[in-house]
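S.K.: One structure, pasted below without further comment.
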Amino acid sequence: MVVTQENVAVNGSRRLTPQEIADTLRERIRRGDLKAGDRLPTQAELAEEFGVERGAVRQALRSLQDLGLLTNVSKGSPPRIAEPARISDDPRPTMVALSPRLGEAFSAAHVRIDAACLTAETLMLAMGEPLRRIHAGELKPDKVDVRVLLPSRDIDLAFPVSVEGDDSEVHQRWLSQRNAQGHVLQHNLRSLRNSHGIDVNIRFRALPFTPPVKLYLLNEAEALIAYYTITRREEATDTGTLEMYDTLGTDSLLFSFRRRAAQRDAAFVDESQKWFNALWETITTDLTLS
């Protein structure tokens, strides 16, 4: 057996649990050391490498099979690395398309999520998928960095605005939603520090304009963009009915550009990341959620 730093780390005086063995093998799959179609070593070889009984190896392999990472887990022959589940690249409603992509992004050891949007509603809701998988033990990144650009409370928004022209009530309702959704997103992510020991950093900055699109950048490898389409709608209030020009961002079609797909897509990802970074570092300001 070839001895590596990884082997030294896992073959200490304490016996590894099946979950720790599964986590080690999953990290090798994530890094590409083990690729789709590759056979794993035999259970005997894995037991020797990790210094455990074969029963612990079998439990680890079954858990990886349950996650869809292995195929043909049996006593007869070593299992193979499964083909990754395909996430559709067809444009789909933002709420449908973003959740599985965040789940995929959170399989990285260091997760980087950047978002520019009108509110954090879609990101807050879609984050439920990776959070669920973390709490289920399916994912455990080491570090999560999230940056969110939202419109400043001090600007005149292009939307939502009142049809009648008095935007004070509309603006206050938007501001309350922006802050409440941001607080929930912040709380849910930061709670991972205490529950799972994950290093989490989430920051907000204020845009001096209303973004015409929503943009999500995942691990500097994928850019997702959706257009805000303005519509006239009514909303019931305590004092009557409020008519406004607004957008329902969760229903907007989300278009995906992946760095690995083609040169054109890679260029779009790079330019989108440059655009976001430039805004973050120049004309935006610190945003404190009230």
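In the structure tokens, chains take the letters A, B, ... in the order shown, each chain's residues start at 1, and ligands count up from 1 in the order shown.
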Using only C-alpha atoms, which protein or nucleic acid residues come within 10 Å of segment 118-124 of chain A? Drop anything in the same chain fewer than 2 positions from it, and give the result as an MDAnalysis selection string.
M.R.: chainID A and resid 94:96 98:99 102 113 115:116 126:128 148:152 157 159:160 174:175 177:186 188:189 207 209:214 216 228 247 249:251
S.K.: Selection from above, N, CA and C atoms, as a tab-separated table (two decimals), in the first residue's frame, can you write it?
M.R.:
chain	number	residue	atom	x	y	z
A	94	THR	N	-36.61	29.76	-11.57
A	94	THR	CA	-35.49	29.94	-10.64
A	94	THR	C	-35.61	29.07	-9.41
A	95	MET	N	-36.81	29.00	-8.83
A	95	MET	CA	-36.97	28.25	-7.59
A	95	MET	C	-36.75	26.77	-7.81
A	96	VAL	N	-37.06	26.27	-9.01
A	96	VAL	CA	-36.87	24.85	-9.31
A	96	VAL	C	-35.40	24.56	-9.62
A	98	LEU	N	-32.50	26.44	-8.96
A	98	LEU	CA	-31.40	26.86	-8.09
A	98	LEU	C	-31.10	25.85	-6.99
A	99	SER	N	-32.11	25.22	-6.40
A	99	SER	CA	-31.89	24.31	-5.27
A	99	SER	C	-30.92	23.18	-5.59
A	102	LEU	N	-27.33	24.47	-5.96
A	102	LEU	CA	-26.70	24.78	-4.67
A	102	LEU	C	-26.26	23.50	-3.98
A	113	ILE	N	-20.40	31.25	-2.79
A	113	ILE	CA	-21.66	31.64	-3.42
A	113	ILE	C	-21.73	33.16	-3.44
A	115	ALA	N	-24.24	36.38	-4.93
A	115	ALA	CA	-25.59	36.62	-5.46
A	115	ALA	C	-25.85	38.12	-5.53
A	116	ALA	N	-26.45	38.55	-6.64
A	116	ALA	CA	-26.92	39.92	-6.79
A	116	ALA	C	-28.40	39.84	-7.14
A	126	ALA	N	-33.94	28.36	-1.63
A	126	ALA	CA	-33.16	27.33	-2.31
A	126	ALA	C	-32.06	26.77	-1.43
A	127	MET	N	-31.61	27.55	-0.46
A	127	MET	CA	-30.55	27.07	0.43
A	127	MET	C	-31.04	25.91	1.31
A	128	GLY	N	-32.34	25.68	1.34
A	128	GLY	CA	-32.86	24.57	2.13
A	128	GLY	C	-32.33	23.23	1.67
A	148	VAL	N	-23.65	38.67	-0.75
A	148	VAL	CA	-24.95	39.01	-1.33
A	148	VAL	C	-25.02	40.52	-1.56
A	149	LEU	N	-25.35	40.90	-2.79
A	149	LEU	CA	-25.59	42.30	-3.14
A	149	LEU	C	-27.09	42.54	-3.22
A	150	LEU	N	-27.58	43.51	-2.45
A	150	LEU	CA	-28.99	43.88	-2.44
A	150	LEU	C	-29.11	45.39	-2.59
A	151	PRO	N	-30.23	45.88	-3.14
A	151	PRO	CA	-30.38	47.33	-3.29
A	151	PRO	C	-30.35	48.04	-1.93
A	152	SER	N	-29.77	49.22	-1.94
A	152	SER	CA	-29.72	50.04	-0.74
A	152	SER	C	-31.12	50.52	-0.36
A	157	LEU	N	-36.24	52.91	-5.76
A	157	LEU	CA	-36.26	51.67	-6.53
A	157	LEU	C	-36.99	51.86	-7.86
A	159	PHE	N	-38.36	49.24	-9.18
A	159	PHE	CA	-39.47	48.34	-8.86
A	159	PHE	C	-39.09	47.62	-7.58
A	160	PRO	N	-40.07	47.28	-6.74
A	160	PRO	CA	-41.51	47.54	-6.89
A	160	PRO	C	-41.84	49.01	-6.63
A	174	TRP	N	-41.13	46.31	0.84
A	174	TRP	CA	-39.95	45.68	0.22
A	174	TRP	C	-38.80	45.63	1.22
A	175	LEU	N	-38.57	46.74	1.93
A	175	LEU	CA	-37.45	46.80	2.87
A	175	LEU	C	-37.62	45.78	3.98
A	177	GLN	N	-39.23	42.95	3.81
A	177	GLN	CA	-38.97	41.62	3.23
A	177	GLN	C	-37.48	41.40	3.02
A	178	ARG	N	-36.79	42.41	2.47
A	178	ARG	CA	-35.35	42.30	2.23
A	178	ARG	C	-34.61	41.95	3.51
A	179	ASN	N	-34.93	42.68	4.59
A	179	ASN	CA	-34.23	42.47	5.85
A	179	ASN	C	-34.59	41.13	6.49
A	180	ALA	N	-35.89	40.77	6.48
A	180	ALA	CA	-36.32	39.52	7.11
A	180	ALA	C	-35.71	38.31	6.41
A	181	GLN	N	-35.73	38.31	5.08
A	181	GLN	CA	-35.18	37.18	4.33
A	181	GLN	C	-33.67	37.10	4.51
A	182	GLY	N	-33.01	38.24	4.54
A	182	GLY	CA	-31.56	38.25	4.78
A	182	GLY	C	-31.21	37.70	6.15
A	183	HIS	N	-32.00	38.05	7.16
A	183	HIS	CA	-31.76	37.55	8.52
A	183	HIS	C	-31.91	36.02	8.57
A	184	VAL	N	-32.95	35.49	7.91
A	184	VAL	CA	-33.17	34.05	7.92
A	184	VAL	C	-32.01	33.34	7.23
A	185	LEU	N	-31.60	33.85	6.07
A	185	LEU	CA	-30.46	33.26	5.36
A	185	LEU	C	-29.21	33.28	6.22
A	186	GLN	N	-28.96	34.41	6.84
A	186	GLN	CA	-27.78	34.56	7.70
A	186	GLN	C	-27.83	33.59	8.88
A	188	ASN	N	-29.56	30.73	9.23
A	188	ASN	CA	-29.48	29.32	8.83
A	188	ASN	C	-28.06	28.90	8.48
A	189	LEU	N	-27.33	29.78	7.83
A	189	LEU	CA	-25.95	29.44	7.46
A	189	LEU	C	-25.03	29.48	8.68
A	207	LEU	N	-26.34	47.86	-3.08
A	207	LEU	CA	-26.22	48.38	-4.43
A	207	LEU	C	-26.85	49.77	-4.52
A	209	PHE	N	-28.33	50.86	-7.09
A	209	PHE	CA	-29.31	50.80	-8.17
A	209	PHE	C	-30.16	49.54	-8.02
A	210	THR	N	-31.26	49.48	-8.77
A	210	THR	CA	-32.12	48.30	-8.77
A	210	THR	C	-31.61	47.33	-9.82
A	211	PRO	N	-31.22	46.12	-9.45
A	211	PRO	CA	-30.70	45.17	-10.44
A	211	PRO	C	-31.80	44.71	-11.40
A	212	PRO	N	-31.58	44.79	-12.73
A	212	PRO	CA	-32.59	44.34	-13.69
A	212	PRO	C	-32.63	42.83	-13.84
A	213	VAL	N	-31.60	42.15	-13.33
A	213	VAL	CA	-31.53	40.69	-13.39
A	213	VAL	C	-31.08	40.18	-12.03
A	214	LYS	N	-31.27	38.89	-11.81
A	214	LYS	CA	-30.69	38.25	-10.63
A	214	LYS	C	-29.57	37.34	-11.11
A	216	TYR	N	-26.47	34.53	-9.86
A	216	TYR	CA	-25.87	33.65	-8.86
A	216	TYR	C	-24.58	33.07	-9.43
A	228	TYR	N	-35.62	39.89	-14.37
A	228	TYR	CA	-36.79	40.37	-13.65
A	228	TYR	C	-37.77	40.95	-14.67
A	247	THR	N	-42.22	42.37	-9.62
A	247	THR	CA	-41.76	41.16	-10.30
A	247	THR	C	-41.80	39.98	-9.35
A	249	GLY	N	-39.78	37.07	-8.73
A	249	GLY	CA	-38.47	36.53	-9.11
A	249	GLY	C	-38.35	35.03	-9.06
A	250	THR	N	-39.13	34.37	-8.19
A	250	THR	CA	-39.00	32.91	-8.09
A	250	THR	C	-39.47	32.20	-9.34
A	251	ASP	N	-40.30	32.87	-10.16
A	251	ASP	CA	-40.82	32.25	-11.38
A	251	ASP	C	-39.99	32.57	-12.62
S.K.: Using the chain letters and numbers from this document, which residues of segment 232-264 of chain A does DSSP assign to helix (DSSP H, G or I), as number ranges by chain?
M.R.: A: 249-251, 263-264
S.K.: Just to be explicit: take each residue in the selection above, keep all heavy atoms, and write the result as a PDB file, in the first residue's frame.
M.R.:
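See selection_36.pdb below for the written result:
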ATOM      1  N   GLY A 249     -39.776  37.066  -8.726  1.00  0.00           N
ATOM      2  CA  GLY A 249     -38.472  36.534  -9.110  1.00  0.00           C
ATOM      3  C   GLY A 249     -38.349  35.032  -9.057  1.00  0.00           C
ATOM      4  O   GLY A 249     -37.553  34.442  -9.797  1.00  0.00           O
ATOM      5  N   THR A 250     -39.133  34.368  -8.194  1.00  0.00           N
ATOM      6  CA  THR A 250     -38.999  32.911  -8.086  1.00  0.00           C
ATOM      7  C   THR A 250     -39.473  32.199  -9.340  1.00  0.00           C
ATOM      8  O   THR A 250     -39.107  31.053  -9.590  1.00  0.00           O
ATOM      9  CB  THR A 250     -39.797  32.383  -6.883  1.00  0.00           C
ATOM     10  OG1 THR A 250     -41.159  32.803  -7.004  1.00  0.00           O
ATOM     11  CG2 THR A 250     -39.223  32.909  -5.578  1.00  0.00           C
ATOM     12  N   ASP A 251     -40.297  32.873 -10.163  1.00  0.00           N
ATOM     13  CA  ASP A 251     -40.816  32.251 -11.379  1.00  0.00           C
ATOM     14  C   ASP A 251     -39.986  32.570 -12.618  1.00  0.00           C
ATOM     15  O   ASP A 251     -40.233  32.018 -13.694  1.00  0.00           O
ATOM     16  CB  ASP A 251     -42.258  32.703 -11.628  1.00  0.00           C
ATOM     17  CG  ASP A 251     -43.211  32.190 -10.552  1.00  0.00           C
ATOM     18  OD1 ASP A 251     -42.909  31.126  -9.985  1.00  0.00           O
ATOM     19  OD2 ASP A 251     -44.223  32.852 -10.283  1.00  0.00           O
ATOM     20  N   GLN A 263     -16.111  27.253 -24.381  1.00  0.00           N
ATOM     21  CA  GLN A 263     -15.324  28.474 -24.216  1.00  0.00           C
ATOM     22  C   GLN A 263     -16.229  29.688 -24.009  1.00  0.00           C
ATOM     23  O   GLN A 263     -15.938  30.569 -23.207  1.00  0.00           O
ATOM     24  CB  GLN A 263     -14.424  28.678 -25.433  1.00  0.00           C
ATOM     25  CG  GLN A 263     -13.495  29.890 -25.312  1.00  0.00           C
ATOM     26  CD  GLN A 263     -12.549  30.002 -26.480  1.00  0.00           C
ATOM     27  OE1 GLN A 263     -12.517  29.152 -27.349  1.00  0.00           O
ATOM     28  NE2 GLN A 263     -11.773  31.076 -26.494  1.00  0.00           N
ATOM     29  N   ARG A 264     -17.348  29.721 -24.749  1.00  0.00           N
ATOM     30  CA  ARG A 264     -18.287  30.831 -24.615  1.00  0.00           C
ATOM     31  C   ARG A 264     -18.866  30.880 -23.210  1.00  0.00           C
ATOM     32  O   ARG A 264     -18.976  31.959 -22.606  1.00  0.00           O
ATOM     33  CB  ARG A 264     -19.399  30.662 -25.647  1.00  0.00           C
ATOM     34  CG  ARG A 264     -20.549  31.639 -25.532  1.00  0.00           C
ATOM     35  CD  ARG A 264     -21.552  31.377 -26.656  1.00  0.00           C
ATOM     36  NE  ARG A 264     -22.795  32.083 -26.452  1.00  0.00           N
ATOM     37  CZ  ARG A 264     -23.797  31.642 -25.695  1.00  0.00           C
ATOM     38  NH1 ARG A 264     -23.677  30.472 -25.068  1.00  0.00           N
ATOM     39  NH2 ARG A 264     -24.902  32.340 -25.555  1.00  0.00           N
TER      40      ARG A 264
END
S.K.: May I have the residues within 9 Å of Leu242 of chain A as a list in words, using only C-alpha atoms and disregarding those fewer than 4 positions away in the same chain?
M.R.: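 Skipping anything fewer than 4 positions along the chain leaves Ser162, Val163, Glu169, Val170, Arg233, Glu234, Glu235, Ala236 and Thr237 of chain A.
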S.K.: Using backbone DSSP assignments, extract all strand (DSSP E) residues from segment 72-192 of chain A; output them as a PyMOL selection string.
M.R.: chain A and resi 80-81+92-93+110-116+143-151+161-162
S.K.: Go ahead and save the picked residues with N, CA and C atoms, as a compact mmCIF listing (two decimals), in the first residue's frame.
M.R.:
# COMPACT_ATOMS: atom_id res chain seq x y z
N ARG A 80 -18.17 0.30 -8.39
CA ARG A 80 -17.65 1.32 -9.29
C ARG A 80 -18.17 2.70 -8.87
N ILE A 81 -17.41 3.72 -9.25
CA ILE A 81 -17.86 5.09 -9.01
C ILE A 81 -18.98 5.39 -10.00
N ARG A 92 -35.13 26.81 -16.54
CA ARG A 92 -36.25 26.40 -15.71
C ARG A 92 -36.53 27.50 -14.70
N PRO A 93 -37.74 27.51 -14.09
CA PRO A 93 -38.02 28.54 -13.09
C PRO A 93 -36.95 28.57 -12.00
N HIS A 110 -14.52 23.96 -0.15
CA HIS A 110 -14.67 25.40 0.09
C HIS A 110 -15.75 25.92 -0.84
N VAL A 111 -16.90 26.25 -0.29
CA VAL A 111 -18.05 26.70 -1.07
C VAL A 111 -18.01 28.22 -1.18
N ARG A 112 -18.18 28.72 -2.40
CA ARG A 112 -18.24 30.17 -2.64
C ARG A 112 -19.52 30.49 -3.41
N ILE A 113 -20.40 31.25 -2.79
CA ILE A 113 -21.66 31.64 -3.42
C ILE A 113 -21.73 33.16 -3.44
N ASP A 114 -21.91 33.74 -4.63
CA ASP A 114 -22.14 35.17 -4.78
C ASP A 114 -23.51 35.37 -5.41
N ALA A 115 -24.24 36.38 -4.93
CA ALA A 115 -25.59 36.62 -5.46
C ALA A 115 -25.85 38.12 -5.53
N ALA A 116 -26.45 38.55 -6.64
CA ALA A 116 -26.92 39.92 -6.79
C ALA A 116 -28.40 39.84 -7.14
N LYS A 143 -15.62 24.96 4.56
CA LYS A 143 -15.79 26.41 4.65
C LYS A 143 -16.85 26.86 3.66
N VAL A 144 -17.65 27.85 4.07
CA VAL A 144 -18.68 28.41 3.20
C VAL A 144 -18.56 29.93 3.25
N ASP A 145 -18.34 30.54 2.08
CA ASP A 145 -18.30 32.00 1.96
C ASP A 145 -19.45 32.44 1.06
N VAL A 146 -20.32 33.30 1.57
CA VAL A 146 -21.46 33.80 0.81
C VAL A 146 -21.42 35.33 0.81
N ARG A 147 -21.54 35.90 -0.40
CA ARG A 147 -21.62 37.35 -0.54
C ARG A 147 -22.92 37.69 -1.28
N VAL A 148 -23.65 38.67 -0.75
CA VAL A 148 -24.95 39.01 -1.33
C VAL A 148 -25.02 40.52 -1.56
N LEU A 149 -25.35 40.90 -2.79
CA LEU A 149 -25.59 42.30 -3.14
C LEU A 149 -27.09 42.54 -3.22
N LEU A 150 -27.58 43.51 -2.45
CA LEU A 150 -28.99 43.88 -2.44
C LEU A 150 -29.11 45.39 -2.59
N PRO A 151 -30.23 45.88 -3.14
CA PRO A 151 -30.38 47.33 -3.29
C PRO A 151 -30.35 48.04 -1.93
N VAL A 161 -42.84 49.52 -7.38
CA VAL A 161 -43.31 50.89 -7.20
C VAL A 161 -44.83 50.88 -7.28
N SER A 162 -45.42 51.88 -6.68
CA SER A 162 -46.87 52.00 -6.69
C SER A 162 -47.37 52.46 -8.05
S.K.: Restricting the calculation to only C-alpha atoms, which member of A:Ala108, A:Leu25, A:Ile230, A:Ala97 is positioned closest to Leu125 of chain A?
M.R.: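 Among A:Ala108, A:Leu25, A:Ile230, A:Ala97, it is A:Ala97 that comes nearest to Leu125 of chain A.
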S.K.: Find the residue from A:Ser195, A:Asp286, A:Arg15, A:Asp265 that sits nearest to Glu48 of chain A; use only C-alpha atoms when measuring.
M.R.: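 So, comparing all the options, the nearest one is A:Arg15.
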S.K.: Atom CA of Ala56 of chain A to atom CA of Thr17 of chain A: how many Å, to one decimal?
M.R.: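 Taking atom CA of Ala56 of chain A and atom CA of Thr17 of chain A, their separation equals 6.9 Å.
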S.K.: Please determine, counting only C-alpha atoms, which residue among A:Ala278, A:Ser168, A:Glu271, A:Cys117 has the shortest atom-to-atom distance to Tyr227 of chain A.
M.R.: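 Checking each of A:Ala278, A:Ser168, A:Glu271, A:Cys117 against Tyr227 of chain A, counting only C-alpha atoms, the winner is A:Cys117.
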S.K.: Hey, what's within 10 Å of Arg133 of chain A if we count only C-alpha atoms and toss same-chain stuff fewer than 4 positions away? As a list in words, please?
M.R.: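 The filter keeps Gly103, Phe106, Ser107, Gly128, Glu129, Gly137, Glu138, Leu139 and Lys140 of chain A.
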S.K.: Counting only C-alpha atoms, which residue out of A:Trp280, A:Leu253, A:Thr42, A:Ala261 sits closest to Arg203 of chain A?
M.R.: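 Checking each candidate against Arg203 of chain A, we get A:Trp280 as the closest.
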